[in-house]
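> What follows is entry27.txt, made up of compact mmCIF, C-alpha atoms and all ligand atoms:
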```
# COMPACT_ATOMS: atom_id res chain seq x y z
CA MET A 442 0.00 0.00 0.00
CA PHE A 443 2.71 2.37 1.07
CA SER A 444 4.85 1.62 -1.96
CA LEU A 445 1.92 2.20 -4.32
CA ASP A 446 1.39 5.66 -2.83
CA MET A 447 5.07 6.28 -3.06
CA ARG A 448 5.09 5.39 -6.77
CA LYS A 449 2.16 7.68 -7.39
CA TYR A 450 3.96 10.46 -5.61
CA VAL A 451 7.13 9.94 -7.60
CA ASN A 452 5.19 9.87 -10.88
CA ASN A 453 3.42 13.07 -9.99
CA ALA A 454 6.61 14.72 -8.86
CA ARG A 455 8.28 13.75 -12.10
CA GLY A 456 5.43 15.31 -14.04
CA MET A 457 5.68 18.46 -11.98
CA HIS A 458 9.42 18.66 -12.54
CA TRP A 459 9.02 18.42 -16.27
CA LEU A 460 6.34 21.07 -16.22
CA PHE A 461 8.64 23.27 -14.20
CA ILE A 462 11.55 22.78 -16.60
CA VAL A 463 9.37 23.50 -19.63
CA LEU A 464 8.11 26.63 -17.91
CA ILE A 465 11.64 27.83 -17.14
CA ILE A 466 12.76 27.21 -20.73
CA GLY A 467 9.66 29.01 -22.02
CA ILE A 468 10.39 32.02 -19.87
CA ALA A 469 14.06 31.95 -20.86
CA PHE A 470 13.06 32.24 -24.53
CA TYR A 471 10.47 34.93 -23.93
CA LEU A 472 12.59 37.19 -21.70
CA PRO A 473 14.87 38.65 -24.39
CA PHE A 474 11.78 39.68 -26.33
CA LEU A 475 10.20 41.17 -23.23
CA ILE A 476 13.28 43.07 -22.11
CA PHE A 477 15.02 43.99 -25.38
CA GLY A 478 12.36 43.59 -28.07
CA ALA A 479 14.57 40.89 -29.59
CA PHE A 480 13.57 38.45 -32.33
CA PRO A 481 16.32 35.86 -32.57
CA TYR A 482 16.01 34.02 -35.88
CA ASN A 483 15.00 36.29 -38.70
CA THR A 484 15.75 36.02 -42.39
CA LYS A 485 13.19 38.46 -43.66
CA THR A 486 13.40 41.06 -46.39
CA ASN A 487 11.16 43.88 -45.29
CA THR A 488 10.88 46.10 -48.35
CA ASN A 489 11.19 45.30 -52.03
CA PRO A 490 12.97 47.69 -54.43
CA VAL A 491 9.71 49.03 -55.92
CA GLU A 492 8.31 49.94 -52.51
CA MET A 493 11.66 51.41 -51.55
CA GLU A 494 11.66 53.67 -54.58
CA LYS A 495 8.23 54.96 -53.62
CA LEU A 496 9.27 55.60 -50.04
CA LEU A 497 12.33 57.53 -51.17
CA ASP A 498 10.49 59.55 -53.79
CA GLY A 499 11.72 63.13 -53.57
CA ILE A 500 14.63 62.56 -51.22
CA GLU A 501 16.66 59.95 -53.06
CA ALA A 502 19.08 62.63 -54.22
CA VAL A 503 19.86 63.88 -50.70
CA ASP A 504 23.14 62.51 -49.40
CA PHE A 505 22.94 62.93 -45.66
CA TYR A 506 26.39 61.46 -45.25
CA ALA A 507 27.86 64.35 -47.18
CA MET A 508 26.80 66.83 -44.49
CA ASN A 509 30.22 67.13 -42.98
CA GLN A 510 29.35 69.43 -40.12
CA TYR A 511 28.83 66.13 -38.35
CA LEU A 512 32.29 64.82 -38.91
CA PRO A 513 34.69 65.01 -35.95
CA LYS A 514 37.92 66.90 -35.76
CA SER A 515 40.26 65.08 -33.39
CA SER A 516 40.88 61.52 -32.27
CA GLU A 517 39.76 62.57 -28.81
CA GLU A 518 36.38 63.52 -30.23
CA ILE A 519 36.18 60.26 -32.12
CA GLN A 520 36.78 58.37 -28.87
CA LYS A 521 34.02 60.39 -27.20
CA GLU A 522 31.63 59.39 -29.97
CA ILE A 523 32.55 55.73 -29.64
CA ASP A 524 31.92 55.95 -25.89
CA ALA A 525 28.58 57.66 -26.43
CA PHE A 526 27.43 54.94 -28.80
CA GLU A 527 28.84 51.90 -27.03
CA THR A 528 28.82 52.39 -23.28
CA TRP A 529 26.11 52.13 -20.68
CA GLU A 530 26.75 55.72 -19.63
CA GLY A 531 26.08 56.73 -23.22
CA GLY A 532 23.35 55.25 -25.37
CA LYS A 533 24.43 51.57 -25.21
CA CYS A 534 23.24 51.44 -28.81
CA ARG A 535 26.00 48.98 -29.71
CA PHE A 536 24.52 46.42 -27.35
CA CYS A 537 21.56 45.90 -29.68
CA HIS A 538 22.50 47.37 -33.06
CA ALA A 539 24.92 46.40 -35.80
CA VAL A 540 26.38 49.32 -37.75
CA LYS A 541 28.76 48.03 -40.40
CA LYS A 542 27.67 46.12 -43.45
CA ASP A 543 29.45 42.97 -42.33
CA ASP A 544 28.55 43.17 -38.65
CA ARG A 545 26.72 40.11 -37.48
CA ASP A 546 23.00 40.72 -36.99
CA ARG A 547 22.18 41.70 -33.46
CA MET A 548 18.85 41.65 -31.70
CA ALA A 549 17.70 44.89 -33.33
CA PRO A 550 17.70 46.15 -36.95
CA THR A 551 21.09 47.14 -38.34
CA LEU A 552 21.88 50.87 -38.50
CA TYR A 553 24.08 50.41 -41.59
CA GLY A 554 23.23 53.27 -43.96
CA ILE A 555 20.59 54.55 -41.54
CA PHE A 556 20.62 58.20 -42.71
CA GLY A 557 18.28 58.69 -45.62
CA ARG A 558 16.69 55.30 -44.95
CA PRO A 559 12.93 55.04 -44.37
CA ALA A 560 11.90 53.74 -40.96
CA GLY A 561 11.28 50.02 -40.68
CA VAL A 562 13.01 48.74 -43.82
CA GLY A 563 16.07 46.95 -42.41
CA ASN A 564 16.26 43.28 -43.38
CA ASN A 565 16.35 40.30 -41.05
CA TYR A 566 14.22 41.98 -38.46
CA THR A 567 10.56 41.76 -37.48
CA TYR A 568 9.51 45.34 -36.72
CA SER A 569 6.71 46.38 -34.40
CA ASP A 570 3.51 47.66 -35.99
CA ALA A 571 4.44 51.07 -34.60
CA LEU A 572 7.58 51.24 -36.72
CA ILE A 573 5.86 49.82 -39.79
CA ASN A 574 3.21 52.51 -39.45
CA MET A 575 5.93 55.15 -39.38
CA LYS A 576 7.30 53.72 -42.61
CA GLY A 577 3.81 54.18 -44.07
CA ASN A 578 3.74 57.73 -42.72
CA GLY A 579 6.92 58.52 -44.60
CA LEU A 580 9.35 58.79 -41.69
CA ILE A 581 12.91 58.99 -43.02
CA TRP A 582 15.88 58.74 -40.66
CA THR A 583 17.86 61.97 -40.77
CA PRO A 584 20.17 63.52 -38.15
CA GLU A 585 17.13 65.42 -36.87
CA THR A 586 14.60 62.60 -36.73
CA LEU A 587 17.15 60.25 -35.18
CA ASP A 588 17.98 62.86 -32.56
CA ALA A 589 14.29 63.32 -31.77
CA PHE A 590 13.78 59.55 -31.58
CA ILE A 591 16.57 58.88 -29.07
CA LEU A 592 15.54 61.90 -26.98
CA ASN A 593 12.44 59.92 -26.09
CA PRO A 594 11.84 56.74 -28.15
CA SER A 595 8.46 55.84 -26.68
CA ASN A 596 7.18 59.36 -27.10
CA TYR A 597 8.43 59.82 -30.67
CA ILE A 598 7.05 56.47 -31.85
CA PRO A 599 4.48 55.25 -29.31
CA GLY A 600 4.30 51.47 -29.09
CA ASN A 601 7.72 50.84 -30.61
CA ARG A 602 9.77 47.97 -29.26
CA MET A 603 13.08 49.71 -28.61
CA ARG A 604 13.13 49.58 -24.86
CA VAL A 605 15.56 52.37 -24.17
CA GLU A 606 15.20 55.36 -21.92
CA GLY A 607 15.53 58.66 -23.70
CA ILE A 608 18.87 60.47 -23.74
CA GLU A 609 18.26 63.92 -22.36
CA ASP A 610 21.74 65.34 -22.81
CA PRO A 611 21.85 66.96 -26.29
CA GLU A 612 25.65 66.64 -26.33
CA ILE A 613 25.47 62.85 -26.03
CA ARG A 614 22.78 62.66 -28.72
CA LYS A 615 24.99 64.71 -31.00
CA LEU A 616 27.95 62.41 -30.36
CA ILE A 617 25.78 59.42 -31.23
CA VAL A 618 24.55 61.03 -34.46
CA ASN A 619 28.16 61.90 -35.33
CA TYR A 620 29.26 58.35 -34.64
CA LEU A 621 26.59 56.97 -36.97
CA MET A 622 27.46 59.56 -39.62
CA ARG A 623 30.98 58.20 -39.72
CA GLU A 624 30.51 54.51 -38.98
CA SER A 625 27.24 53.60 -40.72
CA LYS A 626 28.13 55.23 -44.03
CA PRO A 627 27.10 52.82 -46.79
CA ILE A 628 29.67 51.53 -49.22
CA LYS A 629 28.94 53.06 -52.62
CA GLY A 630 26.72 51.02 -54.89
CA GLU A 631 25.30 48.79 -52.13
C1 LIG B 701 17.80 47.20 -25.82
C2 LIG B 701 18.14 47.14 -27.21
C3 LIG B 701 18.32 48.45 -27.94
C4 LIG B 701 19.16 49.49 -27.63
C5 LIG B 701 20.09 49.62 -26.45
C6 LIG B 701 18.98 50.47 -28.69
N1 LIG B 701 18.06 50.03 -29.60
FE1 LIG B 701 17.48 50.99 -31.27
N2 LIG B 701 16.12 49.55 -31.65
C7 LIG B 701 15.93 48.41 -30.89
C8 LIG B 701 14.80 47.66 -31.41
C9 LIG B 701 14.28 46.35 -30.85
C10 LIG B 701 14.32 48.39 -32.52
C11 LIG B 701 13.11 48.04 -33.39
C12 LIG B 701 11.89 48.68 -32.75
C13 LIG B 701 10.55 48.27 -33.30
O1 LIG B 701 10.46 47.45 -34.24
O2 LIG B 701 9.58 48.78 -32.75
C14 LIG B 701 15.19 49.56 -32.65
C15 LIG B 701 15.04 50.52 -33.65
C16 LIG B 701 15.91 51.58 -33.84
C17 LIG B 701 15.87 52.49 -34.96
C18 LIG B 701 14.93 52.41 -36.14
C19 LIG B 701 15.51 51.46 -37.15
C20 LIG B 701 14.74 51.30 -38.43
O3 LIG B 701 15.17 50.47 -39.24
O4 LIG B 701 13.74 52.00 -38.64
C21 LIG B 701 16.90 53.38 -34.80
C22 LIG B 701 17.27 54.52 -35.72
C23 LIG B 701 17.56 53.04 -33.56
N3 LIG B 701 16.94 51.94 -33.00
C24 LIG B 701 18.65 53.72 -33.04
C25 LIG B 701 19.21 53.45 -31.79
C26 LIG B 701 20.23 54.28 -31.16
C27 LIG B 701 20.88 55.50 -31.80
C28 LIG B 701 20.49 53.72 -29.95
C29 LIG B 701 21.40 54.25 -28.86
C30 LIG B 701 20.97 55.48 -28.29
C31 LIG B 701 19.65 52.53 -29.82
N4 LIG B 701 18.90 52.41 -30.95
C32 LIG B 701 19.66 51.68 -28.73
C33 LIG B 701 16.68 48.02 -29.80
C34 LIG B 701 17.62 48.80 -29.17
```
Output the file's structure as structure tokens, nothing else.
Ligand code: HEC


Amino acid sequence: MFSLDMRKYVNNARGMHWLFIVLIIGIAFYLPFLIFGAFPYNTKTNTNPVEMEKLLDGIEAVDFYAMNQYLPKSSEEIQKEIDAFETWEGGKCRFCHAVKKDDRDRMAPTLYGIFGRPAGVGNNYTYSDALINMKGNGLIWTPETLDAFILNPSNYIPGNRMRVEGIEDPEIRKLIVNYLMRESKPIKGE
């Protein structure tokens, strides 16, 4: 009698343990999405060339990267920009975003060639509806719109999935814009 109860208990406990493990694994997979807005395995192309042409109608001739008031003067300034982009005291943008063409994909859309690019068109990323709506509204990333976005991401695009507190210091925002001006410049013809 006792051993039958015991077996029942063990069987139940085993079931509970498995349930617990499945729950933990489930949470472990969901957390990065919850905290960082991350989608791990994407191979999507978000915008075809025809749509892209439409989105860029009227601004395709503007070369934002040629606006050299954004380019730095000394190596000290360059280091400051790198710190602003990469560190936790700055914008910690590097934690989530790739910048160079050959950077591995990170958990957020790449910022390669971001200036002059419509919102929500980066490949290999599943955007929030909020960002896709902004694409439809004609939002183009320029030094000004990017500055306004990182000042207060959830205010500038309500419902977007970039879970980052705004950067209130205009100097740091400028350093970040400068960094992207230099580092995300697209290679001609690509
Ligand atoms: C915690 C991760 C994380 C950090 C840190 C982060 N981002 Fe993002 N970013 C995202 C995600 C996720 C999205 C996509 C949002 C969506 O789809 O709603 C995004 C979107 C963007 C976009 C729009 C891209 C597009 O293709 O339209 C820009 C621009 C951007 N981030 C710039 C920055 C800058 C500059 C910083 C540093 C100040 C930064 N991000 C820090 C996760 C992050």

> Would you mind listing what lies within 10 Å of stretch 601-606 of chain A as number ranges by chain, with all atoms listed in the file counted and same-chain residues fewer than 5 positions away left out?

A: 474-479, 532-534, 537, 549, 568-573, 575, 591-596

> What does the distance from atom CA of A:Asn489 to atom C20 of ligand LIG 701 (chain B) come to in Å, to one decimal?

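Rounded to one decimal, the two atoms are 15.3 Å apart.
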
> Quick check, in Å to one decimal: how far apart do atom CA of A:Leu472 and atom CA of A:Leu552 lie?

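Answer for the atom CA of A:Leu472 to atom CA of A:Leu552 separation: 23.6 Å.
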
> Have a look at A:Asn578, A:Thr567, A:Asn452, A:Asn487 and name the one nearest to ligand LIG 701 (chain B); count all atoms listed in the file.

A:Thr567

> From the options A:Met447, A:Ile466, A:Leu512, A:Val618, which residue's atoms come nearest to ligand LIG 701 (chain B), counting all atoms listed in the file?

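Counting all atoms listed in the file, the residue closest to ligand LIG 701 (chain B) is A:Val618.
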
> For ligand LIG 701 (chain B), which of A:Ala469, A:Val463, A:Leu587, A:Leu445 is the closest residue, counting only C-alpha atoms and all ligand atoms?

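Checking each of A:Ala469, A:Val463, A:Leu587, A:Leu445 against ligand LIG 701 (chain B), counting only C-alpha atoms and all ligand atoms, the winner is A:Leu587.
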
> Report as a PyMOL selection string all protein, DNA and RNA residues lying within 10 Å of A:Gly563, evaluated on all atoms listed in the file, omitting residues in the same chain fewer than 2 positions from it.

chain A and resi 485-488+549-555+558-561+565-568

> Which distance in Å separates atom C31 of ligand LIG 701 (chain B) and atom CA of A:Val503, to one decimal?

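Going from atom C31 of ligand LIG 701 (chain B) over to atom CA of A:Val503 covers 23.8 Å.
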
> Looking at all atoms listed in the file, which of A:Glu612, A:Asp446, A:Glu517, A:Glu492 is the one that sits closest to A:Val562?

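So, comparing all the options, the nearest one is A:Glu492.
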
> Which is closest to A:Ala539 among A:Leu464, A:Val451, A:Leu621, A:Ala507, if we use all atoms listed in the file?

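Closest candidate: A:Leu621.
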
> Any idea what's packed within 12 Å of A:Asp504, counting all atoms listed in the file, ignoring anything in its chain fewer than 6 positions away? Could you give it as a list in words?

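Here the answer would be Gly554, Ile555, Phe556, Gly557, Arg558, Trp582, Thr583, Pro584, Met622, Lys626, Pro627 and Lys629 of chain A.
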
> Neighbours of A:Ile617 within 7 Å (all atoms listed in the file; same-chain residues fewer than 2 positions away dropped), as a ChimeraX atom specification?

/A:522,525-526,613-615,619-621

> Between A:Ile465, A:Trp459, A:Ile519, A:Asp546, which residue has the minimum interatomic distance to A:Glu624, considering all atoms listed in the file?

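Under the stated criterion, the closest residue is A:Ile519.
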
> Generate the coordinates of all heavy atoms for stretch 486-497 of chain A; report them as a compact mmCIF listing (two decimals), keeping the file's coordinate frame.


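Everything below was put into selection38.txt:
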```txt
# COMPACT_ATOMS: atom_id res chain seq x y z
N THR A 486 13.15 39.83 -45.65
CA THR A 486 13.40 41.06 -46.39
C THR A 486 12.16 41.91 -46.20
O THR A 486 11.06 41.47 -46.49
CB THR A 486 13.60 40.76 -47.89
OG1 THR A 486 14.68 39.85 -48.00
CG2 THR A 486 13.91 42.03 -48.66
N ASN A 487 12.33 43.10 -45.68
CA ASN A 487 11.16 43.88 -45.29
C ASN A 487 10.56 44.74 -46.39
O ASN A 487 9.39 45.05 -46.36
CB ASN A 487 11.49 44.75 -44.08
CG ASN A 487 11.49 43.94 -42.81
OD1 ASN A 487 10.60 43.12 -42.59
ND2 ASN A 487 12.51 44.13 -41.99
N THR A 488 11.38 45.15 -47.34
CA THR A 488 10.88 46.10 -48.35
C THR A 488 11.49 45.77 -49.70
O THR A 488 12.71 45.67 -49.81
CB THR A 488 11.25 47.54 -47.94
OG1 THR A 488 10.85 47.73 -46.59
CG2 THR A 488 10.55 48.56 -48.81
N ASN A 489 10.65 45.60 -50.70
CA ASN A 489 11.19 45.30 -52.03
C ASN A 489 11.61 46.59 -52.74
O ASN A 489 11.22 47.69 -52.32
CB ASN A 489 10.19 44.48 -52.85
CG ASN A 489 8.92 45.26 -53.11
OD1 ASN A 489 8.98 46.43 -53.48
ND2 ASN A 489 7.77 44.63 -52.91
N PRO A 490 12.42 46.49 -53.78
CA PRO A 490 12.97 47.69 -54.43
C PRO A 490 11.89 48.66 -54.92
O PRO A 490 12.10 49.89 -54.85
CB PRO A 490 13.76 47.11 -55.61
CG PRO A 490 14.07 45.71 -55.23
CD PRO A 490 12.95 45.25 -54.35
N VAL A 491 10.77 48.15 -55.40
CA VAL A 491 9.71 49.03 -55.92
C VAL A 491 9.14 49.89 -54.78
O VAL A 491 8.99 51.10 -54.90
CB VAL A 491 8.59 48.21 -56.60
CG1 VAL A 491 7.48 49.14 -57.10
CG2 VAL A 491 9.16 47.38 -57.73
N GLU A 492 8.85 49.21 -53.67
CA GLU A 492 8.31 49.94 -52.51
C GLU A 492 9.33 50.95 -52.02
O GLU A 492 9.00 52.07 -51.66
CB GLU A 492 7.95 48.95 -51.39
CG GLU A 492 7.13 49.59 -50.28
CD GLU A 492 6.97 48.68 -49.05
OE1 GLU A 492 7.26 47.47 -49.16
OE2 GLU A 492 6.56 49.20 -48.01
N MET A 493 10.58 50.54 -52.01
CA MET A 493 11.66 51.41 -51.55
C MET A 493 11.72 52.68 -52.38
O MET A 493 11.86 53.78 -51.85
CB MET A 493 12.98 50.64 -51.65
CG MET A 493 14.08 51.24 -50.86
SD MET A 493 13.71 51.14 -49.09
CE MET A 493 15.35 51.13 -48.46
N GLU A 494 11.60 52.52 -53.68
CA GLU A 494 11.66 53.67 -54.58
C GLU A 494 10.55 54.66 -54.24
O GLU A 494 10.77 55.86 -54.20
CB GLU A 494 11.51 53.18 -56.02
CG GLU A 494 12.29 54.00 -57.02
CD GLU A 494 12.33 53.30 -58.36
OE1 GLU A 494 13.07 52.30 -58.49
OE2 GLU A 494 11.57 53.73 -59.25
N LYS A 495 9.37 54.10 -53.97
CA LYS A 495 8.23 54.96 -53.62
C LYS A 495 8.49 55.72 -52.33
O LYS A 495 8.23 56.90 -52.21
CB LYS A 495 6.97 54.08 -53.46
CG LYS A 495 5.98 54.28 -54.59
CD LYS A 495 4.62 53.75 -54.18
CE LYS A 495 4.19 52.60 -55.07
NZ LYS A 495 3.25 51.69 -54.47
N LEU A 496 9.02 54.99 -51.34
CA LEU A 496 9.27 55.60 -50.04
C LEU A 496 10.30 56.73 -50.14
O LEU A 496 10.24 57.71 -49.41
CB LEU A 496 9.77 54.55 -49.04
CG LEU A 496 8.76 53.51 -48.57
CD1 LEU A 496 9.46 52.38 -47.83
CD2 LEU A 496 7.70 54.15 -47.69
N LEU A 497 11.24 56.55 -51.06
CA LEU A 497 12.33 57.53 -51.17
C LEU A 497 12.04 58.63 -52.18
O LEU A 497 12.86 59.51 -52.39
CB LEU A 497 13.62 56.81 -51.55
CG LEU A 497 14.24 55.94 -50.45
CD1 LEU A 497 15.44 55.17 -50.97
CD2 LEU A 497 14.62 56.78 -49.24
```
